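Engineer: First, the structure itself, so that you have it in front of you.
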Amino acid sequence: MNDTADAAVPDSGTPDLDALIVGAGFAGLYLLHRLRGAGFRARVYEAGGGVGGTWYWNRYPGARCDVESLSYSYQFDEALQQEWEWTERYAVQPEILRYANHVADRFALWPDMQFDTRVAAAHWDADGLWRVRLEAEGRAPETVTARFCIMATGCLSTANLPDIPGRNSFRGATYHTGRWPHEEVDFTGLRVAVIGTGSSAIQSIPAIAKQAAQLTVFQRTANYSVPAQNRPLDPAEVAAVKADYRGLREEAKTRFGCFVVDLPRPSALADSPEQRVAEFERRWQTGGLTFMASYEDLLYDAEANETAAEFVRAKIRATVRDPETARTLMPTNVIGCKRLCVDTGYFETYNRPNVRLIDINEQPISEITGSGVAVEGEEIAADAIVFATGFDAMTGSLKRIDIRGRGGLPLRDAWEAGPRTYLGLAVNGFPNLFTITGPGSPSVLTNMMPSIEQHVEWVSDCIEALRDRGATVIEAERAAQDDWVGHVNELADASLRSTCSSWYVGANVPGKPRVFMPYIGGYPAYAARCAEIAAAGYEGFAIR
Ligand SMILES: Cc1cc2nc3c(=O)[nH]c(=O)nc-3n(C[C@H](O)[C@H](O)[C@H](O)COP(=O)(O)OP(=O)(O)OC[C@H]3O[C@@H](n4cnc5c(N)ncnc54)[C@H](O)[C@@H]3O)c2cc1C
């Protein structure tokens with residue numbers, strides 16, 4: 001811990017809150033529980049009408065997790081993980097949302113959460129407090145003061161809508177997968193256009209196709225997808241996990257992505273073509289994200305990567321009957337460079353007579369009209385348009401808040417050339433501000449539940465440590481942040497993951513700086529570094 005010679009912070013009196021938490025997703029819920037338990041006055045403000053974050057907003061048909069439910073869940077409370085019953089290997093959105101509500105009930109979190117309230121601004125004041133402006137429809141804006149401001153705003157919570165000419169002129173219904181209505185949407189008998197073929201599209205397209213009279217999918221980039229092989233959970237399997245849940249969780253923490261899959265073989269190139277295909281096939285049949293764990297070098301050696309890519313292309317070729325459609329669906333970039341998708345019957349859906357695929361590289365969308373989508377040479381009539389166009393990932397929600405640090409520095413300016421953080425947890429120039437799963441942390445490259453828990457516990461322990469030593473202000477030092485950013489970039493440069501236009505680098509949002517945002521060194525190395533820094537008295541932080 002470095003005490004700084006900075007001018008002493010004047011006594012700020014008692015703030016309204018010790019800690020103000022933005023967001024009531026899994027990060028915000030656990031933060032509230034943990035900070036309250038440590039004796040802090042904490043309160044959550046959430047723009048949505050309930051808890052769950054991602055699982056509150058993403059109600060589209062087919063939405064489910066792609067890390068197995070037994071791992072994609074909290075582990076901080078043994079009784080909670082013992083009592084909750086997941087019904088499927090990959091839970092559907094309504095079940096995950098029920099789980100979030102159960103957690104809020106079980107830990108009596110409701111009285112300290114305020115919904116339908118957007119945090120519009122957070123300004124660090126010379127008196128050493130955050131002044132946070134809250135906006136709620138139908139109410140006058142309100143300002144709350146807090147010693148610490150913790151952004152649990154989510155990596156994937158700001159919907160990205162493409163700027164297609166005429167978008168507002170469409171007379172039918174429009175939806176974004178990440179802002180899906182609460183009431184059921186029935187596409188029966190309708191002509192539906194889905195724009196986008198990322199993860200949400202790949203989950204929703206098979207479900208929408210079953211209802212729609214006609215479904216037209218507009219694809220910019222073909223994506224790799226592996227089957228989920230989803231199934232109901234076998235009670236014996238669940239009992240075996242619960243008999244040693246802690247053991248599973250501890251083993252997960254030794255794995256890159258913080259979930260347990262079969263260990264990778266060393267090199268795809270060291271195996272014979274027959275061995276390789278057998279290994280890929282075994283993983284394909286197992287289902288889910290285990291596929292990318294087939295070999296250690298898949299994300300580091302282009303030739304090794306191509307063997308896995310070609311295996312998936314062969315699967316597409318064998319599944320999709322129309323050769324032209326199959327060709328269009330076959331990705332040509334590095335597999336795993338964009339987030340690997342996990343599906344249930346995605347490629348098979350293109351064999352349905354009511355489904356058509358349009359490659360917008362060949363037939364660019366010129367405009368959305370009152371009655372459909374116009375591409376070069378043709379107008380496709382639609383009664384409904386689904387934008388499955390993803391998110392302004394990792395920085396979108398933070399930059400939408402008017403965050404101002406020391407000397408009134410706007411976060412938007414500090415991050416103009418891309419996000420800069422220390423550990424993805426703190427930002428130089430922004431004292432007493434923490435970001436849960438912020439850019440520069442493993443976040444979206446891992447099972448996010450344990451990554452969230454690791455951050456929540458680190459932040460909560462840090463605030464307790466400050467209290468214990470009578471300090472009130474902590475700030476990441478510039479040099480430590482620069483070193484961390486350099487380390488994050490160096491790791492990213494060594495991986496094939498940073499080589500394509502993905503949302504990891506902000507490529508899906510026009511004008512967004514191209515920076516590989518998550519930390520790519522894996523959960524174990526990252527968590528160890530965070531622990532060392534804390535044990536060394538919060539090395540790289542200035543404290544006063
Ligand atoms: C469809 C989908 C499927 C996913 N599946 C998986 C999976 O299988 N495994 C996995 O590890 N991860 C998955 N993720 C990632 C997922 O986002 C995380 O696992 C996790 O739910 C994030 O929790 P969080 O609390 O950090 O953020 P979120 O759940 O995003 O919650 C953030 C909350 O902050 C609120 N907020 C933001 N800004 C403001 C503001 N200014 N004022 C007030 N409130 C604000 C938002 O409304 C939101 O409710 C998935 C994401 C999506 C979109």
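Starting from 1 in every chain, residues are counted up; chains themselves are A, B, ... following the order of the structure tokens, and ligands are numbered from 1 as listed.
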Tell me, counting only C-alpha atoms and all ligand atoms, for each residue of chain A within 7 Å of ligand 1, which pair of atoms is nearest and how far apart they are in Å to one decimal, in rows ordered by chain and increasing number, as CSV.

Structural biologist:
residue,atom,partner,partner_atom_place_in_ligand_line,distance
A:Val22,CA,ligand 1,44 (N),5.3
A:Gly23,CA,ligand 1,34 (O),3.3
A:Ala24,CA,ligand 1,33 (C),5.2
A:Gly25,CA,ligand 1,25 (O),3.3
A:Phe26,CA,ligand 1,25 (O),3.9
A:Ala27,CA,ligand 1,25 (O),3.7
A:Gly28,CA,ligand 1,25 (O),5.5
A:Tyr45,CA,ligand 1,43 (C),5.5
A:Glu46,CA,ligand 1,44 (N),3.7
A:Ala47,CA,ligand 1,44 (N),3.9
A:Gly48,CA,ligand 1,47 (O),5.0
A:Val51,CA,ligand 1,49 (O),6.8
A:Gly52,CA,ligand 1,29 (O),5.8
A:Gly53,CA,ligand 1,49 (O),3.2
A:Thr54,CA,ligand 1,29 (O),3.7
A:Trp55,CA,ligand 1,29 (O),6.5
A:Tyr56,CA,ligand 1,49 (O),6.8
A:Asn58,CA,ligand 1,1 (C),5.7
A:Ala63,CA,ligand 1,1 (C),5.9
A:Arg64,CA,ligand 1,3 (C),6.2
A:Cys65,CA,ligand 1,8 (O),3.2
A:Asp66,CA,ligand 1,8 (O),3.6
A:Val67,CA,ligand 1,8 (O),4.2
A:Tyr72,CA,ligand 1,9 (N),6.1
A:Thr117,CA,ligand 1,43 (C),5.8
A:Arg118,CA,ligand 1,42 (N),3.6
A:Val119,CA,ligand 1,42 (N),3.8
A:Ala120,CA,ligand 1,41 (N),5.7
A:Ala152,CA,ligand 1,26 (O),5.5
A:Thr153,CA,ligand 1,34 (O),3.6
A:Gly154,CA,ligand 1,27 (O),3.1
A:Cys155,CA,ligand 1,30 (O),5.9
A:Leu156,CA,ligand 1,17 (O),5.2
A:Ser157,CA,ligand 1,30 (O),4.4
A:Gly178,CA,ligand 1,53 (C),6.6
A:Ser200,CA,ligand 1,1 (C),5.7
A:Ser397,CA,ligand 1,38 (N),5.0
A:Leu398,CA,ligand 1,38 (N),6.9
A:Arg400,CA,ligand 1,41 (N),6.8
A:Ile401,CA,ligand 1,41 (N),5.5
A:Ile436,CA,ligand 1,26 (O),6.6
A:Thr437,CA,ligand 1,26 (O),6.6
A:Val444,CA,ligand 1,15 (C),6.6
A:Thr446,CA,ligand 1,11 (O),6.0
A:Asn447,CA,ligand 1,11 (O),3.7
A:Met448,CA,ligand 1,11 (O),3.6
A:Met449,CA,ligand 1,11 (O),5.9
A:Ile452,CA,ligand 1,26 (O),6.5

Engineer: Per residue of range 21-123 of chain A within 8 Å of range 214-233 of chain A, what are the shortest atom pair and its distance in Å to one decimal, counting only C-alpha atoms, with rows by chain and residue number, as a tab-separated table?

Structural biologist:
residue	atom	partner	partner_atom	distance
A:Asp66	CA	A:Ala228	CA	7.4
A:Trp86	CA	A:Leu233	CA	7.4
A:Thr87	CA	A:Leu233	CA	5.6
A:Glu88	CA	A:Pro232	CA	4.2
A:Arg89	CA	A:Leu233	CA	5.5
A:Tyr90	CA	A:Asn230	CA	6.2

Engineer: Looking at A:Ala126, A:Ala278, A:Val515, A:Met292, which one is nearest to Trp415 in chain A, with distances taken over only C-alpha atoms?

Structural biologist: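 Smallest separation from Trp415 in chain A among the options: A:Val515.
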
Engineer: Enumerate as an MDAnalysis selection string all residues of range 358-461 of chain A assigned to strand (DSSP E) by DSSP on the backbone, naming them with the chain letters and numbers the document uses.

Structural biologist: chainID A and resid 358:359 365:368 372:375 378:381 384:387 402:404 433:435

Engineer: Counting only C-alpha atoms, which residue out of A:Val456, A:Ile335, A:Ala471, A:Cys341 sits closest to Met151 in chain A?

Structural biologist: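 That would be A:Val456, the residue with the smallest distance to Met151 in chain A.
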
Engineer: Using only C-alpha atoms, can you tell me which of A:Ala108, A:Phe259, A:Arg246, A:Pro410 comes closest to Ala79 in chain A?

Structural biologist: A:Arg246
